Amino acid sequence: MKLETKTCQNCKNDFTIESEDFNFYEKIKVSPPTFCPECRMIRRMTWRNERSLYKRSCNFCQKDIISMYDPDKSYIVYCHDCWWGDKWDPFDSRAEYDFSHTFFEQYCGLLKRAPLLGLSNLNSVNSEYANFTDDNKGCYLVFGSGFNENVRYTRMATWTKDSMDLLNVGKSELMYECINCHESYGLKYSQNCKNCTNSFFLYNCRNCSECFGCINLISKSYCIFNKQYTKKEYQEKILEINLSSWKNKENVKLNQIKKLLSSNIYKYANIIGSTNCTGDNIDSSKNSKICFDIFRNCENIKYIFAVAETKDAYDAIGQYRNDFSYENVDNDVGNSNKFTTTVYASNNIYYSWNCHGSSNLFGCYGLRKKNYCILNKQYTQEQYEKLVPKIIQHMNDMPYIDAKGRVYKYGEFFPSELSPFCYNETIAQEYFPLTKEKALKQGYQWREKETRNYQIDIRNEDILDNIKEVKEDIIDKVIECEHQGKCNEQCTEAFKIIEPELQFYQRMNLPIPRLCPNCRHYQRLKQRNPLKLWHRTCMCDKENHLHGTSKCDVEFETSYAPERPEIIYCERCYQQEVY
């Protein structure tokens, strides 16, 4: 089938469906999408609330808990122990399929009857304040992460220890304020680095140690702003810079580091050991198109964000070993799952949420080790296989139509307006931020700002400048966030320093932060490129490169927008300058 251009139901912009896409949709037996790729991603994101946490009571044991569900909304929410326990029956929320109402209306009703899991936090020890995580120990305010120990205020970290304030970091230790860094030790304020140790403000570096303020370096030591020093000279200059002072650190960042980043070259994309891939931050994969944060061993995937070891999949966020899948969020080990959220160790699951160790489910929530169920009702295999095609036909004949007139037939992900979360509670606000006015205009829910009446113990301007001046009496004091709730970054207006956090700052010789954890997270997000691609041409015009005296004419897809100031090179020209 030839390329086809369609108009997105949501944003009204045109998007393209290519022949390879039609082949995939035919294989999985769904109609081509009616939302463009970006709007599909946003729609999935509106069903994932990671960091908007609330105090409420477990509806089973009545204990006070932390939950991702606003207590003002009419949902039944269980704590971790009760939900995973055996004292309740998920089938109690079952319903017979009703052909007089749309499927999505019936599923929304199921979510009001079924107990929802307060936080998705599996196999973790002393890590209660975490969501969409597993196998963590001693972690605090960690999201979308796993297999970590003593990590705090972090998103997307794996196999990392004794670290804080990270975004997309793996197999590392003693890291602070790092983004897209892997297999490193003792890095601070760094981005896009691998196998680096005991360094500060590194960007796009590999195998470096004891370096400061460097970019595009490979296998170097004792460099400052890309200039080589002896070990003794380096150590003397680092002491002189004195990053234990907040003012000194900010002065370096706002002046010297800013100048360093604006005057250097950048590779069009961070794609390593991969073949026939487009996107950014792709490692050891092939045939991955318009994908971001692909960790390893992915193949034949498209429109995907944050997955590993997955093949033959389209449209996913957070997925591991989940093949032949489509339109999923947070899936872990399985096959042929479509239109799902948080489905683990399961196969052939459709339009379901938080189901585990199951197969052949349609429109279910909270089932474990179940087969052949629809709306949490048990069927025989024969009954299930007869009823599912009828439901699919019914979804096409009687589609759900939302308040903005968008039509949802079989093959579309869950409508955003039916999500238990408001837009600004979800990761959609993190990656595609909107104002309240714009969100409401586009048909999204919006949560009003919570009234906070904190008794501030330490005003922001009164935070001590140098960590060496800070005493233990700062622990659990209410500290004013510099943004004071005036930003659009889920600001909590105030924050506290906990004991292990202070010990970390003292051990690493780092000043006390001035922003609350949410605002710090948003500052890290701003340093990453967007989840978008632009078609551009290499900007290299150096005569000593392989393209000769003429300007390089290599074209590529890049997440650097054309209006940005960075100098963007193709891989060949970049390697001639850096390697």
# chains A, B, ... in the order shown; residues from 1 in each chain; ligands from 1
call {"tool": "select_by_dssp", "arguments": {"residues": "range 103-306 of chain A", "states": "strand (DSSP E or B)", "output": "JSON, numbers by chain"}}
result
{"A": [116, 117, 121, 122, 125, 130, 131, 133, 134, 137, 140, 141, 142, 143, 146, 149, 150, 151, 152, 153, 154, 155, 156, 157, 158, 161, 162, 163, 164, 165, 166, 167, 168, 169, 170, 173, 176, 177, 178, 179, 180, 181, 182, 185, 186, 187, 188, 189, 190, 191, 192, 193, 194, 197, 198, 199, 200, 201, 202, 203, 206, 209, 210, 211, 212, 213, 214, 215, 218, 221, 222, 223, 224, 227, 228, 245, 265, 266, 267, 271, 272, 275, 279, 280, 281, 282, 283, 286, 287, 288, 289, 291, 292, 293, 294, 299, 300, 301, 302, 303, 304, 305, 306]}
call {"tool": "closest_residue", "arguments": {"among": "A:Leu531, A:Cys552, A:Ala95, A:Ile215", "to": "Lys258 in chain A", "atoms": "only C-alpha atoms"}}
result
A:Ile215
call {"tool": "closest_residue", "arguments": {"among": "A:Tyr379, A:Phe104, A:Tyr153, A:Phe339", "to": "Phe495 in chain A", "atoms": "only C-alpha atoms"}}
result
A:Tyr153
call {"tool": "closest_residue", "arguments": {"among": "A:Asp397, A:Gln527, A:Asn360, A:Asn242", "to": "Gln383 in chain A", "atoms": "only C-alpha atoms"}}
result
A:Asn360
call {"tool": "residues_around", "arguments": {"residues": "Asn348 in chain A", "least_positions_apart": "5", "cutoff": "7 Å", "atoms": "only C-alpha atoms", "output": "list in words"}}
result
Asn335, Ser336, Asn337, Ser359, Asn360 and Leu361 of chain A
call {"tool": "write_last_selection", "arguments": {"atoms": "all heavy atoms", "output": "JSON list (two decimals), in the first residue's frame"}}
result
[["chain", "number", "residue", "atom", "x", "y", "z"],
["A", 335, "ASN", "N", 3.48, -10.56, 25.16],
["A", 335, "ASN", "CA", 3.36, -10.63, 23.71],
["A", 335, "ASN", "C", 1.94, -10.31, 23.30],
["A", 335, "ASN", "O", 0.97, -10.69, 23.96],
["A", 335, "ASN", "CB", 3.74, -12.05, 23.25],
["A", 335, "ASN", "CG", 3.87, -12.16, 21.75],
["A", 335, "ASN", "OD1", 2.90, -12.26, 21.02],
["A", 335, "ASN", "ND2", 5.11, -12.11, 21.28],
["A", 336, "SER", "N", 1.82, -9.56, 22.21],
["A", 336, "SER", "CA", 0.51, -9.29, 21.59],
["A", 336, "SER", "C", -0.44, -8.56, 22.53],
["A", 336, "SER", "O", -1.63, -8.88, 22.62],
["A", 336, "SER", "CB", -0.13, -10.60, 21.11],
["A", 336, "SER", "OG", 0.70, -11.24, 20.16],
["A", 337, "ASN", "N", 0.08, -7.56, 23.25],
["A", 337, "ASN", "CA", -0.77, -6.73, 24.11],
["A", 337, "ASN", "C", -1.07, -5.41, 23.41],
["A", 337, "ASN", "O", -0.18, -4.79, 22.84],
["A", 337, "ASN", "CB", -0.08, -6.48, 25.45],
["A", 337, "ASN", "CG", 0.15, -7.76, 26.21],
["A", 337, "ASN", "OD1", -0.72, -8.62, 26.27],
["A", 337, "ASN", "ND2", 1.33, -7.91, 26.81],
["A", 359, "SER", "N", -3.69, -13.86, 30.55],
["A", 359, "SER", "CA", -3.76, -13.91, 29.09],
["A", 359, "SER", "C", -5.21, -13.85, 28.66],
["A", 359, "SER", "O", -6.12, -14.22, 29.42],
["A", 359, "SER", "CB", -3.09, -15.17, 28.55],
["A", 359, "SER", "OG", -3.74, -16.33, 29.03],
["A", 360, "ASN", "N", -5.42, -13.33, 27.45],
["A", 360, "ASN", "CA", -6.75, -13.28, 26.85],
["A", 360, "ASN", "C", -7.75, -12.54, 27.75],
["A", 360, "ASN", "O", -8.74, -13.08, 28.23],
["A", 360, "ASN", "CB", -7.26, -14.69, 26.55],
["A", 360, "ASN", "CG", -6.34, -15.45, 25.62],
["A", 360, "ASN", "OD1", -6.13, -15.05, 24.48],
["A", 360, "ASN", "ND2", -5.76, -16.53, 26.12],
["A", 361, "LEU", "N", -7.45, -11.25, 27.97],
["A", 361, "LEU", "CA", -8.34, -10.37, 28.71],
["A", 361, "LEU", "C", -8.79, -9.23, 27.80],
["A", 361, "LEU", "O", -8.01, -8.75, 26.98],
["A", 361, "LEU", "CB", -7.65, -9.78, 29.94],
["A", 361, "LEU", "CG", -7.00, -10.74, 30.93],
["A", 361, "LEU", "CD1", -6.37, -9.96, 32.08],
["A", 361, "LEU", "CD2", -8.00, -11.76, 31.47]]
call {"tool": "closest_residue", "arguments": {"among": "A:Tyr320, A:Tyr97, A:Tyr351, A:Tyr314", "to": "Glu20 in chain A", "atoms": "only C-alpha atoms"}}
result
A:Tyr314
call {"tool": "residues_around", "arguments": {"residues": "Leu239 in chain A", "least_positions_apart": "6", "cutoff": "12 Å", "atoms": "only C-alpha atoms", "output": "ChimeraX atom specification"}}
result
/A:212,232-233,245,248,509
call {"tool": "atom_distance", "arguments": {"atom1": "CA of Leu53 in chain A", "atom2": "CA of Leu111 in chain A"}}
result
18.9 Å
call {"tool": "closest_residue", "arguments": {"among": "A:Tyr431, A:Trp47, A:Trp159, A:Phe292", "to": "Ala269 in chain A", "atoms": "only C-alpha atoms"}}
result
A:Phe292
call {"tool": "select_by_dssp", "arguments": {"residues": "range 190-286 of chain A", "states": "helix (DSSP H, G or I)", "output": "VMD selection string"}}
result
chain A and resid 231 to 241 246 to 262
call {"tool": "closest_residue", "arguments": {"among": "A:Gln445, A:Asn126, A:Ser190, A:Asn168", "to": "Phe305 in chain A", "atoms": "only C-alpha atoms"}}
result
A:Asn168
call {"tool": "residues_around", "arguments": {"residues": "range 472-485 of chain A", "least_positions_apart": "4", "cutoff": "12 Å", "atoms": "only C-alpha atoms", "output": "ChimeraX atom specification"}}
result
/A:449-464,467-468,489-503,505-506,512-520,522-523
call {"tool": "atom_distance", "arguments": {"atom1": "CA of Ser31 in chain A", "atom2": "CA of Arg44 in chain A"}}
result
17.9 Å
call {"tool": "residues_around", "arguments": {"residues": "Glu382 in chain A", "least_positions_apart": "4", "cutoff": "10 Å", "atoms": "only C-alpha atoms", "output": "PyMOL selection string"}}
result
chain A and resi 372+386-387
call {"tool": "write_last_selection", "arguments": {"atoms": "all heavy atoms", "output": "tab-separated table (two decimals), in the first residue's frame"}}
result
chain	number	residue	atom	x	y	z
A	372	TYR	N	-9.29	-15.44	29.80
A	372	TYR	CA	-10.60	-15.36	29.15
A	372	TYR	C	-11.63	-14.59	29.99
A	372	TYR	O	-12.67	-15.11	30.38
A	372	TYR	CB	-11.12	-16.77	28.83
A	372	TYR	CG	-10.16	-17.57	28.00
A	372	TYR	CD1	-9.50	-18.69	28.51
A	372	TYR	CD2	-9.88	-17.18	26.69
A	372	TYR	CE1	-8.59	-19.40	27.75
A	372	TYR	CE2	-8.97	-17.89	25.91
A	372	TYR	CZ	-8.32	-18.99	26.43
A	372	TYR	OH	-7.42	-19.69	25.67
A	386	LYS	N	-15.99	-16.01	21.01
A	386	LYS	CA	-17.19	-15.59	20.28
A	386	LYS	C	-17.58	-14.15	20.60
A	386	LYS	O	-18.03	-13.41	19.73
A	386	LYS	CB	-18.36	-16.53	20.62
A	386	LYS	CG	-18.29	-17.89	19.96
A	386	LYS	CD	-19.54	-18.71	20.29
A	386	LYS	CE	-19.51	-20.05	19.59
A	386	LYS	NZ	-20.71	-20.87	19.91
A	387	LEU	N	-17.41	-13.76	21.88
A	387	LEU	CA	-17.88	-12.44	22.31
A	387	LEU	C	-16.94	-11.31	21.90
A	387	LEU	O	-17.40	-10.22	21.53
A	387	LEU	CB	-18.06	-12.45	23.83
A	387	LEU	CG	-18.66	-11.18	24.47
A	387	LEU	CD1	-19.97	-10.78	23.78
A	387	LEU	CD2	-18.86	-11.39	25.97
call {"tool": "residues_around", "arguments": {"residues": "Thr197 in chain A", "least_positions_apart": "6", "cutoff": "7 Å", "atoms": "only C-alpha atoms", "output": "list in words"}}
result
Ser184, Tyr185, Gly186, Leu187, Cys208, Ser209 and Glu210 of chain A
call {"tool": "atom_distance", "arguments": {"atom1": "CA of Lys542 in chain A", "atom2": "CA of Asn216 in chain A"}}
result
17.4 Å
